[in-house]
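Visitor: run-v3.txt is reproduced below (compact mmCIF, C-alpha atoms).
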# COMPACT_ATOMS: atom_id res chain seq x y z
CA MET A 194 66.05 -8.53 -67.84
CA LYS A 195 63.82 -5.58 -66.90
CA ARG A 196 65.06 -3.34 -64.11
CA PHE A 197 62.45 -2.84 -61.39
CA ILE A 198 62.96 -0.26 -58.69
CA THR A 199 60.92 0.78 -55.71
CA LEU A 200 59.19 4.10 -55.22
CA GLY A 201 61.85 4.85 -52.63
CA SER A 202 64.44 4.59 -55.37
CA LEU A 203 62.30 6.80 -57.59
CA MET A 204 62.14 9.52 -54.97
CA ALA A 205 65.88 9.20 -54.34
CA ALA A 206 66.60 9.62 -58.04
CA ILE A 207 64.37 12.68 -58.21
CA LEU A 208 65.98 14.22 -55.14
CA PHE A 209 69.48 13.52 -56.50
CA THR A 210 68.81 15.53 -59.64
CA GLY A 211 66.41 17.98 -58.02
CA ASN A 212 68.86 20.78 -57.24
CA ALA A 213 70.46 20.73 -60.68
CA LEU A 214 67.09 20.65 -62.40
CA ALA A 215 65.67 23.45 -60.26
CA ALA A 216 68.15 25.89 -61.81
CA GLU A 217 66.90 24.90 -65.28
CA LEU A 218 63.23 25.54 -64.59
CA GLU A 219 63.15 28.87 -66.37
CA THR A 220 60.29 28.63 -68.85
CA GLU A 221 56.64 28.21 -68.00
CA ALA A 222 56.57 24.92 -69.93
CA GLN A 223 59.47 23.54 -67.85
CA LYS A 224 57.82 24.54 -64.61
CA LEU A 225 54.48 23.08 -65.67
CA GLY A 226 56.14 19.81 -66.65
CA TYR A 227 57.86 19.61 -63.28
CA ILE A 228 54.63 20.33 -61.42
CA ILE A 229 52.82 17.54 -63.28
CA GLY A 230 55.75 15.24 -62.50
CA MET A 231 55.38 16.10 -58.82
CA ASP A 232 51.71 15.12 -58.97
CA ILE A 233 52.54 11.83 -60.66
CA GLY A 234 55.29 11.09 -58.14
CA SER A 235 52.96 11.82 -55.23
CA SER A 236 50.28 9.53 -56.65
CA LEU A 237 52.76 6.69 -57.21
CA LYS A 238 54.11 7.08 -53.70
CA GLN A 239 50.62 6.75 -52.23
CA GLN A 240 49.90 3.64 -54.31
CA GLY A 241 53.11 1.96 -53.17
CA THR A 242 53.59 0.12 -56.47
CA ASP A 243 56.93 -1.11 -57.81
CA LEU A 244 57.47 -0.10 -61.42
CA ASP A 245 60.12 0.28 -64.09
CA LEU A 246 61.07 3.95 -64.39
CA ASP A 247 62.53 3.63 -67.88
CA SER A 248 59.22 2.21 -69.12
CA LEU A 249 57.28 4.92 -67.32
CA PHE A 250 59.28 7.79 -68.79
CA GLN A 251 59.30 6.22 -72.27
CA ALA A 252 55.53 5.76 -72.26
CA ILE A 253 55.01 9.37 -71.26
CA LYS A 254 57.32 10.57 -74.05
CA ASP A 255 55.84 8.28 -76.70
CA THR A 256 52.26 9.15 -75.82
CA TYR A 257 52.90 12.87 -75.57
CA ASN A 258 54.90 13.01 -78.83
CA GLY A 259 52.54 10.73 -80.75
CA ASP A 260 55.29 8.15 -81.38
CA PRO A 261 54.55 4.42 -81.93
CA LEU A 262 53.62 2.70 -78.66
CA ALA A 263 55.16 -0.54 -77.38
CA MET A 264 51.74 -2.12 -76.84
CA THR A 265 48.27 -1.67 -78.25
CA PRO A 266 45.43 -0.15 -76.20
CA GLU A 267 43.86 -3.62 -76.05
CA GLU A 268 47.06 -5.15 -74.67
CA ALA A 269 47.35 -2.34 -72.15
CA ALA A 270 43.74 -2.85 -71.05
CA THR A 271 44.35 -6.59 -70.53
CA MET A 272 47.49 -5.94 -68.50
CA ARG A 273 45.72 -3.28 -66.45
CA GLU A 274 42.81 -5.59 -65.64
CA SER A 275 45.22 -8.36 -64.64
CA PHE A 276 47.14 -6.01 -62.37
CA ILE A 277 43.95 -4.73 -60.74
CA ALA A 278 42.72 -8.31 -60.21
CA LYS A 279 45.98 -9.27 -58.50
CA ARG A 280 45.82 -6.21 -56.24
CA ARG A 281 42.23 -6.99 -55.30
CA ALA A 282 43.07 -10.63 -54.57
CA ALA A 283 45.98 -9.57 -52.37
CA ALA A 284 43.82 -7.03 -50.54
CA GLU A 285 41.09 -9.63 -49.99
CA ALA A 286 43.64 -12.11 -48.63
CA ASP A 287 44.97 -9.47 -46.25
CA ARG A 288 41.42 -8.60 -45.15
CA GLU A 289 40.53 -12.24 -44.50
CA SER A 290 43.72 -12.77 -42.53
CA SER A 291 43.17 -9.60 -40.53
CA GLY A 292 39.51 -10.49 -39.98
CA ALA A 293 40.39 -13.92 -38.64
CA ALA A 294 42.97 -12.47 -36.25
CA ASN A 295 40.55 -9.77 -35.08
CA ALA A 296 37.83 -12.36 -34.48
CA VAL A 297 40.11 -14.48 -32.31
CA GLU A 298 41.32 -11.43 -30.39
CA GLY A 299 37.73 -10.21 -29.90
CA ASP A 300 36.45 -13.57 -28.69
CA LYS A 301 39.26 -13.77 -26.16
CA PHE A 302 38.62 -10.23 -24.95
CA LEU A 303 34.85 -10.71 -24.61
CA LEU A 304 35.27 -13.99 -22.75
CA GLU A 305 37.63 -12.42 -20.23
CA ASN A 306 35.61 -9.21 -20.03
CA SER A 307 32.39 -11.11 -19.26
CA GLN A 308 33.98 -12.33 -16.02
CA LYS A 309 34.75 -8.83 -14.77
CA GLU A 310 32.76 -7.23 -11.99
CA GLY A 311 29.83 -5.13 -13.16
CA VAL A 312 29.85 -6.38 -16.77
CA GLN A 313 26.49 -7.69 -17.99
CA MET A 314 25.58 -9.38 -21.26
CA THR A 315 22.38 -9.45 -23.31
CA ASP A 316 21.06 -12.42 -25.30
CA SER A 317 22.64 -10.99 -28.47
CA GLY A 318 26.12 -11.04 -26.95
CA LEU A 319 26.33 -7.30 -26.30
CA GLN A 320 28.24 -6.58 -23.11
CA TYR A 321 27.76 -3.44 -21.06
CA LYS A 322 28.72 -1.88 -17.77
CA VAL A 323 26.82 0.86 -15.95
CA LEU A 324 29.07 3.77 -15.00
CA GLU A 325 26.25 6.12 -13.99
CA MET A 326 22.55 5.27 -13.91
CA GLY A 327 20.23 8.12 -14.80
CA ASP A 328 16.63 8.51 -13.73
CA GLY A 329 15.09 9.71 -17.01
CA PRO A 330 13.03 7.80 -19.58
CA ARG A 331 14.51 5.13 -21.81
CA PRO A 332 14.41 5.60 -25.59
CA ALA A 333 12.66 3.34 -28.06
CA ALA A 334 14.36 1.93 -31.16
CA THR A 335 12.79 4.61 -33.39
CA ASP A 336 13.60 7.58 -31.14
CA LYS A 337 16.18 10.26 -31.86
CA VAL A 338 18.71 10.64 -29.08
CA LYS A 339 21.43 13.09 -28.16
CA VAL A 340 24.61 11.48 -26.85
CA HIS A 341 28.24 12.05 -26.05
CA TYR A 342 30.44 9.08 -26.86
CA ARG A 343 33.94 7.79 -27.37
CA GLY A 344 34.79 4.74 -29.47
CA THR A 345 38.03 2.78 -29.20
CA LEU A 346 39.58 -0.38 -30.59
CA LEU A 347 40.74 -3.13 -28.25
CA ASN A 348 44.25 -1.66 -28.25
CA GLY A 349 42.87 1.61 -26.85
CA GLU A 350 43.14 3.55 -30.11
CA GLU A 351 40.34 6.11 -30.39
CA PHE A 352 38.61 6.01 -33.78
CA ASP A 353 35.73 8.40 -33.10
CA SER A 354 34.62 10.73 -30.31
CA SER A 355 32.05 13.46 -29.87
CA TYR A 356 34.05 14.57 -26.83
CA SER A 357 37.05 15.25 -29.07
CA ARG A 358 34.86 17.26 -31.43
CA GLY A 359 33.51 19.27 -28.50
CA GLU A 360 29.80 18.70 -29.13
CA PRO A 361 27.28 15.86 -28.72
CA ILE A 362 25.59 14.17 -31.67
CA THR A 363 21.94 13.48 -32.39
CA PHE A 364 20.78 10.48 -34.43
CA ALA A 365 17.93 8.01 -34.81
CA LEU A 366 18.54 4.75 -32.97
CA ASP A 367 17.38 2.67 -35.93
CA GLN A 368 20.07 4.18 -38.16
CA VAL A 369 23.18 3.04 -36.30
CA ILE A 370 24.96 -0.27 -35.70
CA PRO A 371 22.86 -2.95 -33.96
CA GLY A 372 24.99 -2.76 -30.81
CA TRP A 373 24.04 0.89 -30.40
CA THR A 374 20.38 0.36 -31.25
CA GLU A 375 20.11 -2.31 -28.57
CA GLY A 376 22.46 -0.81 -26.01
CA VAL A 377 21.19 2.77 -25.85
CA GLN A 378 17.66 1.48 -25.26
CA LEU A 379 18.95 0.09 -21.96
CA MET A 380 19.93 3.59 -20.80
CA PRO A 381 17.67 5.99 -18.94
CA VAL A 382 18.41 9.60 -19.87
CA GLY A 383 21.28 10.85 -17.72
CA SER A 384 23.10 7.51 -17.79
CA LYS A 385 26.65 6.71 -18.79
CA PHE A 386 27.44 3.17 -19.95
CA MET A 387 30.37 1.25 -21.37
CA PHE A 388 29.49 -1.01 -24.29
CA TYR A 389 31.62 -3.90 -25.55
CA VAL A 390 30.33 -4.63 -29.03
CA PRO A 391 31.15 -7.89 -30.87
CA PRO A 392 31.67 -7.62 -34.63
CA ASN A 393 28.28 -9.08 -35.56
CA LEU A 394 26.69 -6.13 -33.75
CA ALA A 395 29.18 -3.61 -35.16
CA TYR A 396 30.73 -3.48 -38.65
CA GLY A 397 31.22 -7.21 -39.23
CA PRO A 398 33.62 -8.69 -41.81
CA ALA A 399 33.62 -5.52 -43.92
CA GLY A 400 34.87 -3.17 -41.23
CA GLY A 401 35.04 0.47 -42.19
CA GLY A 402 37.67 3.23 -42.16
CA PRO A 403 39.98 2.71 -39.18
CA ILE A 404 37.83 -0.21 -37.99
CA GLY A 405 39.21 -3.48 -39.27
CA PRO A 406 37.19 -6.52 -40.34
CA ASN A 407 35.56 -8.44 -37.48
CA ALA A 408 36.73 -5.85 -34.96
CA THR A 409 35.28 -5.83 -31.45
CA LEU A 410 34.64 -2.24 -30.35
CA ILE A 411 34.42 -0.42 -27.04
CA PHE A 412 32.18 2.61 -26.53
CA GLN A 413 31.62 4.95 -23.65
CA VAL A 414 28.17 6.46 -24.16
CA GLU A 415 26.43 9.22 -22.24
CA LEU A 416 22.70 9.60 -23.00
CA LEU A 417 21.87 13.29 -22.73
CA ALA A 418 18.32 13.49 -24.09
CA ILE A 419 15.57 11.95 -26.20
CA GLU A 420 14.55 14.36 -28.94
Would you write out, as structure tokens, the structure that this file holds?
Guide:
Amino acid sequence: MKRFITLGSLMAAILFTGNALAAELETEAQKLGYIIGMDIGSSLKQQGTDLDLDSLFQAIKDTYNGDPLAMTPEEAATMRESFIAKRRAAAEADRESSGAANAVEGDKFLLENSQKEGVQMTDSGLQYKVLEMGDGPRPAATDKVKVHYRGTLLNGEEFDSSYSRGEPITFALDQVIPGWTEGVQLMPVGSKFMFYVPPNLAYGPAGGGPIGPNATLIFQVELLAIE
């Protein structure tokens, strides 16, 4: 029966022998080998994949020394494709599950939020609240605008902020998510609004970066100028 160990066990094994091995790293070849091993270990740790260490070390030795391999390149390619397919299927299942949970959470939030004082909703489902109403012109969908903003998830986690970066941002309104394109057009220059953006007006089922699939987003937006 093959012996499978976790990456945690791999790191523990490396640490256990690390001090003894460090004293033996005298030649440049030894040091280079250890450095490459560090890179491999770091990559495996990031991937979070369980693997058999004996097989890993043996494959490295056999390949490096030109010894006969335990499987052909064709067999290895088939196994690799199967592994990748399983990982993708698992990731897709996780994404669908997360997306469904986010959708339910977002619907509940938007329903409750729509009942709060000062919150208004457009025909598209975009919710907004006026914090400060400016007296300048309102932008059109094709205008470039300068804004300060802060974006958060429903749990309050900030995922993006021009305030945190210390400078406003300028962009064309037709090059951002639909919730922004619609919402900022409601703002006279000098205004500050809160926007509550459902997923169909944000990043949808795909999500992006720290934004999960079907996530409802909250933005505080300050319209500084039309450029």
Visitor: Figure out the distance between CA of Ala284 in chain A and CA of Ala408 in chain A, please, to one decimal in Å.
Guide: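 Going from CA of Ala408 in chain A over to CA of Ala284 in chain A, I get 17.2 Å.
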Visitor: If I take CA of Ser307 in chain A and CA of Leu394 in chain A, how far is one from the other in Å, to one decimal?
Guide: 16.3 Å
Visitor: Smallest atom-to-atom distance to Val377 in chain A: which of A:Thr409, A:Ala399, A:Ser355, A:Arg331, using all atoms listed in the file?
Guide: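 Closest to Val377 in chain A of all the choices is A:Arg331.
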Visitor: What's the separation between CA of Val390 in chain A and CA of Ile411 in chain A, in Å to one decimal place?
Guide: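 The value is 6.2 Å.
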Visitor: Just want the 12 Å neighbourhood of Ala263 in chain A, counted on only C-alpha atoms, with same-chain residues fewer than 6 positions away dropped. Output as a list in words.
Guide: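 My list of contacting residues is Ser248, Leu249, Gln251, Ala252, Ile253, Lys254, Asp255, Thr256 and Ala269 of chain A.
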Visitor: Taking into account all atoms listed in the file, which residue in the set A:Ser290, A:Thr363, A:Gln413, A:Ser357 is nearest to Thr345 in chain A?
Guide: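 Selected residue with least distance to Thr345 in chain A: A:Gln413.
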Visitor: With all atoms listed in the file counted, which protein, DNA or RNA residues have an atom no more than 10 Å from (15.4, 3.2, -27.4) in the file frame? Please answer as an MDAnalysis selection string.
Guide: chainID A and resid 330:338 365:367 373:381 419
Visitor: Leaving out range 311-328 of chain A and any residue of its chain fewer than 2 positions from it, which residues lie within 7 Å of it when counting all atoms listed in the file, given as a ChimeraX atom specification?
Guide: /A:307,309,330,372,381-391
Visitor: Which residues are near range 395-398 of chain A? Cut-off 6 Å, only C-alpha atoms, ignore same chain within fewer than 4 positions. Put them as an mmCIF file with C-alpha atoms, in the frame of the given file.
Guide:
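That gives us result-v1.cif:
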data_model
loop_
_atom_site.group_PDB
_atom_site.id
_atom_site.type_symbol
_atom_site.label_atom_id
_atom_site.label_comp_id
_atom_site.auth_asym_id
_atom_site.auth_seq_id
_atom_site.Cartn_x
_atom_site.Cartn_y
_atom_site.Cartn_z
ATOM 1 C CA ILE A 370 24.960 -0.270 -35.700
ATOM 2 C CA PRO A 406 37.190 -6.520 -40.340
ATOM 3 C CA ASN A 407 35.560 -8.440 -37.480
#
